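Asks: PDB, C-alpha atoms, saved as data25.pdb, coming up:
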ATOM      1  CA  MET A 346      19.637 -28.290   1.038
ATOM      2  CA  SER A 347      22.525 -26.181  -0.271
ATOM      3  CA  HIS A 348      22.601 -24.124  -3.456
ATOM      4  CA  PRO A 349      25.484 -22.636  -5.464
ATOM      5  CA  ASP A 350      26.202 -18.931  -5.248
ATOM      6  CA  ARG A 351      25.095 -17.586  -8.648
ATOM      7  CA  PRO A 352      25.018 -13.806  -8.160
ATOM      8  CA  THR A 353      24.259 -12.862 -11.779
ATOM      9  CA  LEU A 354      21.149 -15.038 -11.819
ATOM     10  CA  GLY A 355      20.120 -13.807  -8.377
ATOM     11  CA  ILE A 356      20.480 -10.160  -9.407
ATOM     12  CA  SER A 357      18.577 -10.715 -12.678
ATOM     13  CA  LEU A 358      15.724 -12.335 -10.790
ATOM     14  CA  ARG A 359      15.680  -9.469  -8.292
ATOM     15  CA  ILE A 360      15.428  -6.855 -11.059
ATOM     16  CA  PHE A 361      12.649  -8.801 -12.795
ATOM     17  CA  GLY A 362      10.849  -9.177  -9.482
ATOM     18  CA  GLY A 363      11.039  -5.425  -8.993
ATOM     19  CA  LEU A 364       9.442  -4.852 -12.398
ATOM     20  CA  MET A 365       6.589  -7.237 -11.567
ATOM     21  CA  SER A 366       6.177  -5.594  -8.148
ATOM     22  CA  ALA A 367       5.865  -2.186  -9.803
ATOM     23  CA  GLY A 368       3.132  -3.596 -12.039
ATOM     24  CA  MET A 369       1.305  -4.783  -8.924
ATOM     25  CA  PHE A 370       1.475  -1.366  -7.249
ATOM     26  CA  VAL A 371       0.359   0.395 -10.440
ATOM     27  CA  CYS A 372      -2.735  -1.848 -10.530
ATOM     28  CA  VAL A 373      -3.453  -1.183  -6.840
ATOM     29  CA  LYS A 374      -3.054   2.568  -7.260
ATOM     30  CA  ALA A 375      -5.185   2.649 -10.408
ATOM     31  CA  ALA A 376      -7.955   0.622  -8.732
ATOM     32  CA  GLY A 377      -8.612   3.650  -6.578
ATOM     33  CA  PRO A 378      -9.300   4.351  -2.900
ATOM     34  CA  GLU A 379     -12.927   3.212  -3.141
ATOM     35  CA  VAL A 380     -11.853  -0.447  -2.914
ATOM     36  CA  PRO A 381     -11.396  -1.487   0.757
ATOM     37  CA  LEU A 382      -7.842  -2.328   1.806
ATOM     38  CA  GLY A 383      -8.674  -5.856   2.909
ATOM     39  CA  GLU A 384     -10.370  -6.588  -0.416
ATOM     40  CA  ILE A 385      -7.323  -5.374  -2.338
ATOM     41  CA  VAL A 386      -5.044  -7.616  -0.269
ATOM     42  CA  PHE A 387      -7.392 -10.581  -0.815
ATOM     43  CA  PHE A 388      -7.441 -10.181  -4.612
ATOM     44  CA  ARG A 389      -3.681  -9.682  -4.668
ATOM     45  CA  SER A 390      -3.152 -12.849  -2.631
ATOM     46  CA  PHE A 391      -5.841 -15.058  -4.190
ATOM     47  CA  PHE A 392      -4.783 -14.525  -7.800
ATOM     48  CA  ALA A 393      -1.109 -14.755  -6.883
ATOM     49  CA  VAL A 394      -1.804 -18.433  -6.175
ATOM     50  CA  ILE A 395      -2.170 -19.104  -9.933
ATOM     51  CA  PRO A 396       1.459 -18.369 -10.936
ATOM     52  CA  LEU A 397       2.655 -20.012  -7.729
ATOM     53  CA  ILE A 398       0.884 -23.288  -8.533
ATOM     54  CA  LEU A 399       2.134 -23.152 -12.128
ATOM     55  CA  PHE A 400       5.661 -22.595 -10.826
ATOM     56  CA  LEU A 401       5.470 -25.549  -8.425
ATOM     57  CA  TRP A 402       3.873 -27.764 -11.065
ATOM     58  CA  SER A 403       6.587 -26.933 -13.630
ATOM     59  CA  ARG A 404       9.199 -28.030 -11.095
ATOM     60  CA  GLY A 405       7.308 -31.204 -10.193
ATOM     61  CA  GLU A 406       6.816 -29.870  -6.652
ATOM     62  CA  PHE A 407       3.013 -29.636  -6.421
ATOM     63  CA  PRO A 408       1.681 -30.505  -3.945
ATOM     64  CA  GLN A 409       4.620 -32.289  -2.325
ATOM     65  CA  GLY A 410       6.735 -29.131  -2.545
ATOM     66  CA  LEU A 411       4.544 -27.510   0.108
ATOM     67  CA  ALA A 412       5.771 -29.902   2.776
ATOM     68  CA  THR A 413       7.874 -28.187   5.434
ATOM     69  CA  LYS A 414       9.867 -29.011   8.539
ATOM     70  CA  ARG A 415       9.843 -25.389   9.702
ATOM     71  CA  PRO A 416       6.166 -24.397  10.081
ATOM     72  CA  LEU A 417       6.827 -21.889  12.856
ATOM     73  CA  GLN A 418       9.400 -19.998  10.790
ATOM     74  CA  HIS A 419       6.956 -19.913   7.853
ATOM     75  CA  LEU A 420       4.237 -18.584  10.146
ATOM     76  CA  ILE A 421       6.457 -15.779  11.468
ATOM     77  CA  ARG A 422       7.800 -14.849   8.026
ATOM     78  CA  SER A 423       4.298 -14.902   6.519
ATOM     79  CA  GLY A 424       2.973 -12.750   9.351
ATOM     80  CA  PHE A 425       5.632 -10.090   8.857
ATOM     81  CA  GLY A 426       5.107 -10.187   5.079
ATOM     82  CA  ALA A 427       1.315  -9.951   5.326
ATOM     83  CA  ILE A 428       1.401  -6.953   7.675
ATOM     84  CA  SER A 429       3.984  -5.302   5.417
ATOM     85  CA  LEU A 430       1.639  -5.844   2.457
ATOM     86  CA  PHE A 431      -1.279  -4.221   4.305
ATOM     87  CA  THR A 432       0.784  -1.208   5.376
ATOM     88  CA  SER A 433       2.358  -0.688   1.951
ATOM     89  CA  PHE A 434      -1.045  -0.673   0.228
ATOM     90  CA  ALA A 435      -2.453   1.599   2.938
ATOM     91  CA  ALA A 436       0.399   4.064   2.359
ATOM     92  CA  LEU A 437      -0.705   4.412  -1.280
ATOM     93  CA  THR A 438      -3.935   5.982  -0.025
ATOM     94  CA  TYR A 439      -2.003   8.972   1.336
ATOM     95  CA  LEU A 440       1.063   9.115  -0.916
ATOM     96  CA  THR A 441       1.825   8.950  -4.618
ATOM     97  CA  LEU A 442       3.126   5.672  -6.027
ATOM     98  CA  ALA A 443       6.676   7.002  -6.301
ATOM     99  CA  GLU A 444       6.650   8.514  -2.809
ATOM    100  CA  ALA A 445       5.429   5.308  -1.143
ATOM    101  CA  LEU A 446       8.060   3.206  -2.885
ATOM    102  CA  LEU A 447      10.753   5.787  -2.200
ATOM    103  CA  ILE A 448      10.311   5.274   1.530
ATOM    104  CA  ALA A 449      10.187   1.527   0.960
ATOM    105  CA  GLN A 450      13.782   1.778  -0.261
ATOM    106  CA  LEU A 451      14.864   2.037   3.363
ATOM    107  CA  SER A 452      14.254  -1.713   3.458
ATOM    108  CA  PRO A 453      17.418  -2.670   1.486
ATOM    109  CA  MET A 454      19.648  -0.745   3.884
ATOM    110  CA  LEU A 455      18.032  -2.414   6.895
ATOM    111  CA  MET A 456      18.244  -5.782   5.127
ATOM    112  CA  ALA A 457      21.957  -5.381   4.383
ATOM    113  CA  VAL A 458      22.726  -4.514   8.011
ATOM    114  CA  GLY A 459      20.497  -7.305   9.313
ATOM    115  CA  ALA A 460      22.113  -9.875   7.000
ATOM    116  CA  VAL A 461      25.493  -9.173   8.564
ATOM    117  CA  VAL A 462      24.209  -9.120  12.154
ATOM    118  CA  LEU A 463      21.654 -11.935  12.030
ATOM    119  CA  LEU A 464      22.802 -14.210   9.192
ATOM    120  CA  SER A 465      26.574 -13.739   9.674
ATOM    121  CA  GLU A 466      27.004 -12.774   6.029
ATOM    122  CA  ARG A 467      30.239 -11.068   5.135
ATOM    123  CA  ILE A 468      30.249  -7.395   4.219
ATOM    124  CA  THR A 469      32.456  -5.936   1.499
ATOM    125  CA  ILE A 470      33.392  -2.433   0.471
ATOM    126  CA  TRP A 471      31.500  -2.952  -2.790
ATOM    127  CA  ARG A 472      28.269  -3.773  -0.993
ATOM    128  CA  ILE A 473      28.655  -0.912   1.473
ATOM    129  CA  ALA A 474      29.382   1.568  -1.332
ATOM    130  CA  GLY A 475      26.522   0.239  -3.465
ATOM    131  CA  VAL A 476      23.991   0.591  -0.651
ATOM    132  CA  LEU A 477      25.211   4.054   0.374
ATOM    133  CA  VAL A 478      25.293   5.480  -3.162
ATOM    134  CA  GLY A 479      21.881   4.019  -3.981
ATOM    135  CA  PHE A 480      20.434   5.278  -0.718
ATOM    136  CA  GLY A 481      21.948   8.681  -1.478
ATOM    137  CA  GLY A 482      19.804   8.714  -4.615
ATOM    138  CA  VAL A 483      16.737   8.001  -2.485
ATOM    139  CA  VAL A 484      17.621  10.898  -0.174
ATOM    140  CA  VAL A 485      17.899  13.238  -3.163
ATOM    141  CA  LEU A 486      14.422  12.208  -4.266
ATOM    142  CA  VAL A 487      12.852  12.525  -0.834
ATOM    143  CA  TRP A 488      14.639  15.704   0.257
ATOM    144  CA  PRO A 489      12.310  18.205  -1.470
ATOM    145  CA  GLU A 490       9.365  16.588   0.348
ATOM    146  CA  ILE A 491      11.112  16.909   3.709
ATOM    147  CA  GLY A 492      11.296  20.651   3.281
ATOM    148  CA  ASP A 493       7.662  20.973   2.196
ATOM    149  CA  ASN A 494       5.768  22.926   4.872
ATOM    150  CA  SER A 495       2.418  21.853   3.387
ATOM    151  CA  THR A 496       2.746  18.330   4.756
ATOM    152  CA  ASP A 497      -0.520  17.462   6.554
ATOM    153  CA  SER A 498      -1.564  14.781   9.041
ATOM    154  CA  ALA A 499      -2.820  12.441   6.304
ATOM    155  CA  ARG A 500       0.539  12.618   4.578
ATOM    156  CA  LEU A 501       2.310  11.910   7.863
ATOM    157  CA  TRP A 502       0.111   8.818   8.254
ATOM    158  CA  GLY A 503       1.241   7.694   4.805
ATOM    159  CA  ILE A 504       4.898   8.246   5.635
ATOM    160  CA  GLY A 505       4.502   6.352   8.906
ATOM    161  CA  LEU A 506       2.771   3.414   7.232
ATOM    162  CA  ALA A 507       5.451   3.276   4.532
ATOM    163  CA  LEU A 508       8.193   3.266   7.190
ATOM    164  CA  VAL A 509       6.510   0.407   9.081
ATOM    165  CA  SER A 510       6.218  -1.506   5.809
ATOM    166  CA  ALA A 511       9.923  -0.984   5.080
ATOM    167  CA  VAL A 512      10.999  -2.366   8.463
ATOM    168  CA  LEU A 513       8.688  -5.379   8.285
ATOM    169  CA  SER A 514       9.710  -6.056   4.695
ATOM    170  CA  ALA A 515      13.386  -6.126   5.672
ATOM    171  CA  VAL A 516      12.670  -8.646   8.428
ATOM    172  CA  ALA A 517      10.572 -10.805   6.085
ATOM    173  CA  LEU A 518      13.252 -10.778   3.357
ATOM    174  CA  LEU A 519      15.926 -11.837   5.838
ATOM    175  CA  MET A 520      13.721 -14.753   6.866
ATOM    176  CA  VAL A 521      13.284 -15.665   3.185
ATOM    177  CA  ARG A 522      17.062 -15.926   2.854
ATOM    178  CA  SER A 523      17.195 -18.158   5.927
ATOM    179  CA  LEU A 524      14.272 -20.350   4.827
ATOM    180  CA  ASN A 525      15.753 -20.757   1.339
ATOM    181  CA  ARG A 526      18.510 -22.899   2.834
ATOM    182  CA  THR A 527      16.079 -25.755   3.465
ATOM    183  CA  GLU A 528      12.662 -24.872   2.024
ATOM    184  CA  SER A 529      11.113 -24.780  -1.447
ATOM    185  CA  PRO A 530      10.748 -21.259  -2.915
ATOM    186  CA  GLY A 531       7.202 -22.153  -3.925
ATOM    187  CA  ALA A 532       6.341 -23.179  -0.380
ATOM    188  CA  ILE A 533       7.744 -19.936   1.036
ATOM    189  CA  ALA A 534       5.637 -17.887  -1.381
ATOM    190  CA  MET A 535       2.509 -20.029  -0.991
ATOM    191  CA  TYR A 536       2.392 -19.805   2.789
ATOM    192  CA  PHE A 537       2.789 -16.037   2.522
ATOM    193  CA  VAL A 538      -0.193 -15.587   0.208
ATOM    194  CA  ILE A 539      -2.310 -17.936   2.336
ATOM    195  CA  ALA A 540      -1.510 -15.883   5.448
ATOM    196  CA  SER A 541      -2.347 -12.689   3.544
ATOM    197  CA  MET A 542      -5.683 -14.103   2.373
ATOM    198  CA  ILE A 543      -6.634 -15.122   5.910
ATOM    199  CA  GLY A 544      -5.732 -11.664   7.181
ATOM    200  CA  ALA A 545      -7.740 -10.036   4.385
ATOM    201  CA  LEU A 546     -10.829 -12.155   5.106
ATOM    202  CA  CYS A 547     -10.748 -10.897   8.693
ATOM    203  CA  THR A 548     -11.637  -7.442   7.314
ATOM    204  CA  LEU A 549     -14.981  -8.603   5.852
ATOM    205  CA  PRO A 550     -17.006  -7.134   8.779
ATOM    206  CA  TRP A 551     -15.764  -3.656   7.768
ATOM    207  CA  GLY A 552     -17.426  -4.055   4.373
ATOM    208  CA  TRP A 553     -16.329  -4.994   0.868
ATOM    209  CA  ILE A 554     -17.691  -3.709  -2.437
ATOM    210  CA  VAL A 555     -18.599  -5.336  -5.747
ATOM    211  CA  PRO A 556     -16.033  -3.782  -8.125
ATOM    212  CA  ASP A 557     -16.878  -2.944 -11.736
ATOM    213  CA  LEU A 558     -15.236  -4.841 -14.600
ATOM    214  CA  PRO A 559     -12.207  -2.537 -15.136
ATOM    215  CA  THR A 560     -11.483  -2.435 -11.392
ATOM    216  CA  THR A 561     -11.812  -6.214 -11.187
ATOM    217  CA  GLY A 562      -9.269  -6.523 -13.994
ATOM    218  CA  LEU A 563      -6.863  -4.266 -12.106
ATOM    219  CA  LEU A 564      -7.270  -6.291  -8.895
ATOM    220  CA  ILE A 565      -6.679  -9.555 -10.765
ATOM    221  CA  GLY A 566      -3.630  -8.001 -12.441
ATOM    222  CA  ALA A 567      -2.288  -6.975  -9.040
ATOM    223  CA  GLY A 568      -2.497 -10.601  -7.938
ATOM    224  CA  LEU A 569      -0.806 -12.022 -11.044
ATOM    225  CA  PHE A 570       1.973  -9.421 -11.004
ATOM    226  CA  GLY A 571       2.402  -9.983  -7.271
ATOM    227  CA  GLY A 572       2.666 -13.748  -7.700
ATOM    228  CA  PHE A 573       5.361 -13.560 -10.363
ATOM    229  CA  SER A 574       7.186 -10.901  -8.336
ATOM    230  CA  HIS A 575       7.196 -13.071  -5.241
ATOM    231  CA  ILE A 576       8.541 -16.095  -7.136
ATOM    232  CA  ALA A 577      11.366 -14.069  -8.677
ATOM    233  CA  LEU A 578      12.214 -12.393  -5.380
ATOM    234  CA  THR A 579      12.245 -15.662  -3.436
ATOM    235  CA  LEU A 580      14.429 -17.362  -6.054
ATOM    236  CA  SER A 581      16.854 -14.428  -6.087
ATOM    237  CA  PHE A 582      17.673 -15.039  -2.414
ATOM    238  CA  ARG A 583      18.402 -18.677  -3.237
ATOM    239  CA  PHE A 584      21.210 -17.736  -5.612
ATOM    240  CA  ALA A 585      22.690 -14.608  -3.989
ATOM    241  CA  GLU A 586      23.332 -13.265  -0.507
ATOM    242  CA  ALA A 587      20.903 -10.715   0.911
ATOM    243  CA  SER A 588      23.618  -8.107   1.418
ATOM    244  CA  ARG A 589      24.701  -8.458  -2.228
ATOM    245  CA  LEU A 590      21.165  -8.055  -3.535
ATOM    246  CA  ALA A 591      20.409  -5.029  -1.363
ATOM    247  CA  PRO A 592      21.768  -2.321  -3.740
ATOM    248  CA  PHE A 593      19.705  -3.749  -6.613
ATOM    249  CA  GLU A 594      16.548  -3.022  -4.653
ATOM    250  CA  TYR A 595      17.109   0.574  -5.753
ATOM    251  CA  VAL A 596      16.732  -0.345  -9.435
ATOM    252  CA  ALA A 597      13.136  -1.346  -8.632
ATOM    253  CA  LEU A 598      12.542   2.295  -7.708
ATOM    254  CA  LEU A 599      12.854   3.357 -11.335
ATOM    255  CA  TRP A 600       9.775   1.420 -12.503
ATOM    256  CA  PRO A 601       7.144   3.302 -10.449
ATOM    257  CA  LEU A 602       8.731   6.606 -11.447
ATOM    258  CA  LEU A 603       8.401   5.615 -15.099
ATOM    259  CA  ALA A 604       4.814   4.570 -14.375
ATOM    260  CA  ASP A 605       4.126   8.033 -12.952
ATOM    261  CA  LEU A 606       5.558   9.517 -16.147
ATOM    262  CA  PHE A 607       3.873   7.374 -18.810
ATOM    263  CA  ILE A 608       0.759   5.970 -17.079
ATOM    264  CA  PHE A 609      -0.289   8.591 -14.533
ATOM    265  CA  ARG A 610       1.082  11.435 -16.685
ATOM    266  CA  LEU A 611       3.131  13.092 -13.947
ATOM    267  CA  SER A 612       6.192  15.113 -14.930
ATOM    268  CA  LEU A 613       9.671  14.160 -13.786
ATOM    269  CA  SER A 614      11.131  16.386 -11.112
ATOM    270  CA  THR A 615      14.648  17.800 -11.110
ATOM    271  CA  SER A 616      15.409  15.627  -8.092
ATOM    272  CA  PHE A 617      14.587  12.519 -10.116
ATOM    273  CA  LEU A 618      16.982  13.504 -12.876
ATOM    274  CA  ILE A 619      19.738  13.848 -10.264
ATOM    275  CA  ALA A 620      18.817  10.764  -8.255
ATOM    276  CA  ALA A 621      18.328   8.265 -11.098
ATOM    277  CA  PRO A 622      22.050   8.114 -12.001
ATOM    278  CA  LEU A 623      22.902   7.649  -8.314
ATOM    279  CA  ILE A 624      20.462   4.769  -7.999
ATOM    280  CA  LEU A 625      21.860   3.051 -11.081
ATOM    281  CA  ALA A 626      25.413   3.738  -9.894
ATOM    282  CA  GLY A 627      24.663   1.958  -6.623
ATOM    283  CA  ALA A 628      23.697  -1.173  -8.522
ATOM    284  CA  ALA A 629      26.724  -0.836 -10.833
ATOM    285  CA  ILE A 630      29.143  -0.574  -7.902
ATOM    286  CA  ALA A 631      27.707  -3.720  -6.323
ATOM    287  CA  ALA A 632      27.915  -5.505  -9.685
ATOM    288  CA  ALA A 633      31.622  -4.628  -9.861
ATOM    289  CA  GLU A 634      32.207  -7.082  -7.022
ATOM    290  CA  ILE A 635      31.121  -9.922  -9.287
ATOM    291  CA  GLY A 636      33.599  -8.887 -11.969
ATOM    292  CA  LYS A 637      36.410  -8.619  -9.439
ATOM    293  CA  ARG A 638      35.678 -12.087  -8.117
ATOM    294  CA  LYS A 639      35.657 -13.571 -11.616
ATOM    295  CA  GLN A 640      39.055 -11.993 -12.238
ATOM    296  CA  GLY A 641      40.349 -13.558  -9.021
ATOM    297  CA  THR A 642      40.997 -10.251  -7.243
TER     298      THR A 642
END
Kindly present the structure from the file in structure tokens form.

Replies:
Amino acid sequence: MSHPDRPTLGISLRIFGGLMSAGMFVCVKAAGPEVPLGEIVFFRSFFAVIPLILFLWSRGEFPQGLATKRPLQHLIRSGFGAISLFTSFAALTYLTLAEALLIAQLSPMLMAVGAVVLLSERITIWRIAGVLVGFGGVVVLVWPEIGDNSTDSARLWGIGLALVSAVLSAVALLMVRSLNRTESPGAIAMYFVIASMIGALCTLPWGWIVPDLPTTGLLIGAGLFGGFSHIALTLSFRFAEASRLAPFEYVALLWPLLADLFIFRLSLSTSFLIAAPLILAGAAIAAAEIGKRKQGT
């Protein structure tokens, strides 16, 4: 099944997906470290099924939309995505929300390179410049932490987990782009959450807790936000190439920083004030390609 290239729609969906993803991570962070990792992943996956089913039903694709001719590819993609989910949530135990998602922004750069090498997508100067400028903003934000001599072993664990999550996320997103050529977006998302739930249930022997009402609400919110995020993200790759969407991954970085400011009451650093314009500039440069194409240049 082929789909028209609609970059504006794809980019809009990617930005919306980033906002929903930030909401998910805020809920996970606010739930606190007392909730076991596997339990968090289970709640996130279980309640993500609700928006996924509604999405499939609205398109007249439930349950027939779950049929697939590529079960092995779904299994591999879901495995990479599930492990990435575990490692990203684990990183939040050792890092702040902004720090964990800062490192996650390595994923777009890896995705852009992988799209050219593995999917034979074309690369343009606009996409290269957008990725590099946006990534430069990430470096500005991370640089003060690199020079911090107080970094301890726990923090290094967090950085390592976030790096693993970034690599696995890039691989999973490239597979989403490939699967979108023949598979339903709802099916791609549904198999991912099912794989994540199975993986989470395997952690039951290590002990789960009975969360209180506010924590339960946060865990349910993480699932709902995660479900809507996954739908938007999967659809974005249907309408735009992975290498074109890569710079707009950096816009998603702004949401957790705003959450730190207004929800967790953390002050903005000087590095953020310098990096934010760079991150937005990266997205603007990539968007310029669309305008050039419309003008026939």

Asks: Considering only C-alpha atoms, can you say which of A:Thr441, A:Gln409, A:Ser541, A:Thr432 comes closest to Ala604 (chain A)?

Replies: A:Thr441

Asks: Between A:Leu580, A:Leu442, A:Leu451, A:Ala626, which one has atoms that come closest to Gly362 (chain A), using only C-alpha atoms?

Replies: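 Looking at the shortest contact to Gly362 (chain A), the residue is A:Leu580.
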
Asks: Which residue is closest to Arg583 (chain A)? Choose from A:Leu599, A:Leu447, A:Leu611, A:Leu518 and count all atoms listed in the file.

Replies: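 Closest to Arg583 (chain A), using all atoms listed in the file: A:Leu518.
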
Asks: Rounded to one decimal, what separation in Å do you get between CA of Ile608 (chain A) and CA of Leu501 (chain A)?

Replies: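 One can read the CA of Ile608 (chain A) to CA of Leu501 (chain A) distance as 25.7 Å.
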
Asks: Rank A:Leu563, A:Ala474, A:Ile504, A:Leu623 by their smallest atom-to-atom distance to Ser433 (chain A), using all atoms listed in the file, and report the top residue only.

Replies: A:Ile504

Asks: Quick one, how far is CA of Pro396 (chain A) from CA of Gly572 (chain A)?

Replies: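 Between CA of Pro396 (chain A) and CA of Gly572 (chain A) the gap is 5.8 Å.
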
Asks: Selected by the PyMOL selection byres ((chain A and resi 578) around 10) in the shown coordinates: which residues, as a PyMOL selection string?

Replies: chain A and resi 355-363+365-366+518+521+530+534+572-577+579-583

Asks: Going by the chain IDs and residue numbers used in this file, which residues fall under the PyMOL selection byres ((chain A and resi 412) around 9)? Write them as number ranges by chain.

Replies: A: 408-411, 413-414, 528-529, 532

Asks: Mind checking which residues fall within 9 Å of Ala585 (chain A), counting all atoms listed in the file, ignoring those fewer than 6 positions away in the same chain, and posting them as a short mmCIF file (atom, residue, chain, number, x, y, z; two decimals) with C-alpha atoms, keeping the file's coordinate frame?

Replies:
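As a result, part.cif now contains:
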data_model
loop_
_atom_site.label_atom_id
_atom_site.label_comp_id
_atom_site.auth_asym_id
_atom_site.auth_seq_id
_atom_site.Cartn_x
_atom_site.Cartn_y
_atom_site.Cartn_z
CA PRO A 349 25.48 -22.64 -5.46
CA ASP A 350 26.20 -18.93 -5.25
CA ARG A 351 25.10 -17.59 -8.65
CA PRO A 352 25.02 -13.81 -8.16
CA THR A 353 24.26 -12.86 -11.78
CA LEU A 354 21.15 -15.04 -11.82
CA GLY A 355 20.12 -13.81 -8.38
CA ILE A 356 20.48 -10.16 -9.41
CA ARG A 522 17.06 -15.93 2.85
#

Asks: Quick one: which residues end up in the PyMOL selection byres ((chain A and resi 420-423) around 12) for this structure, as a VMD selection string?

Replies: chain A and resid 390 413 to 419 424 to 430 513 to 525 532 to 544
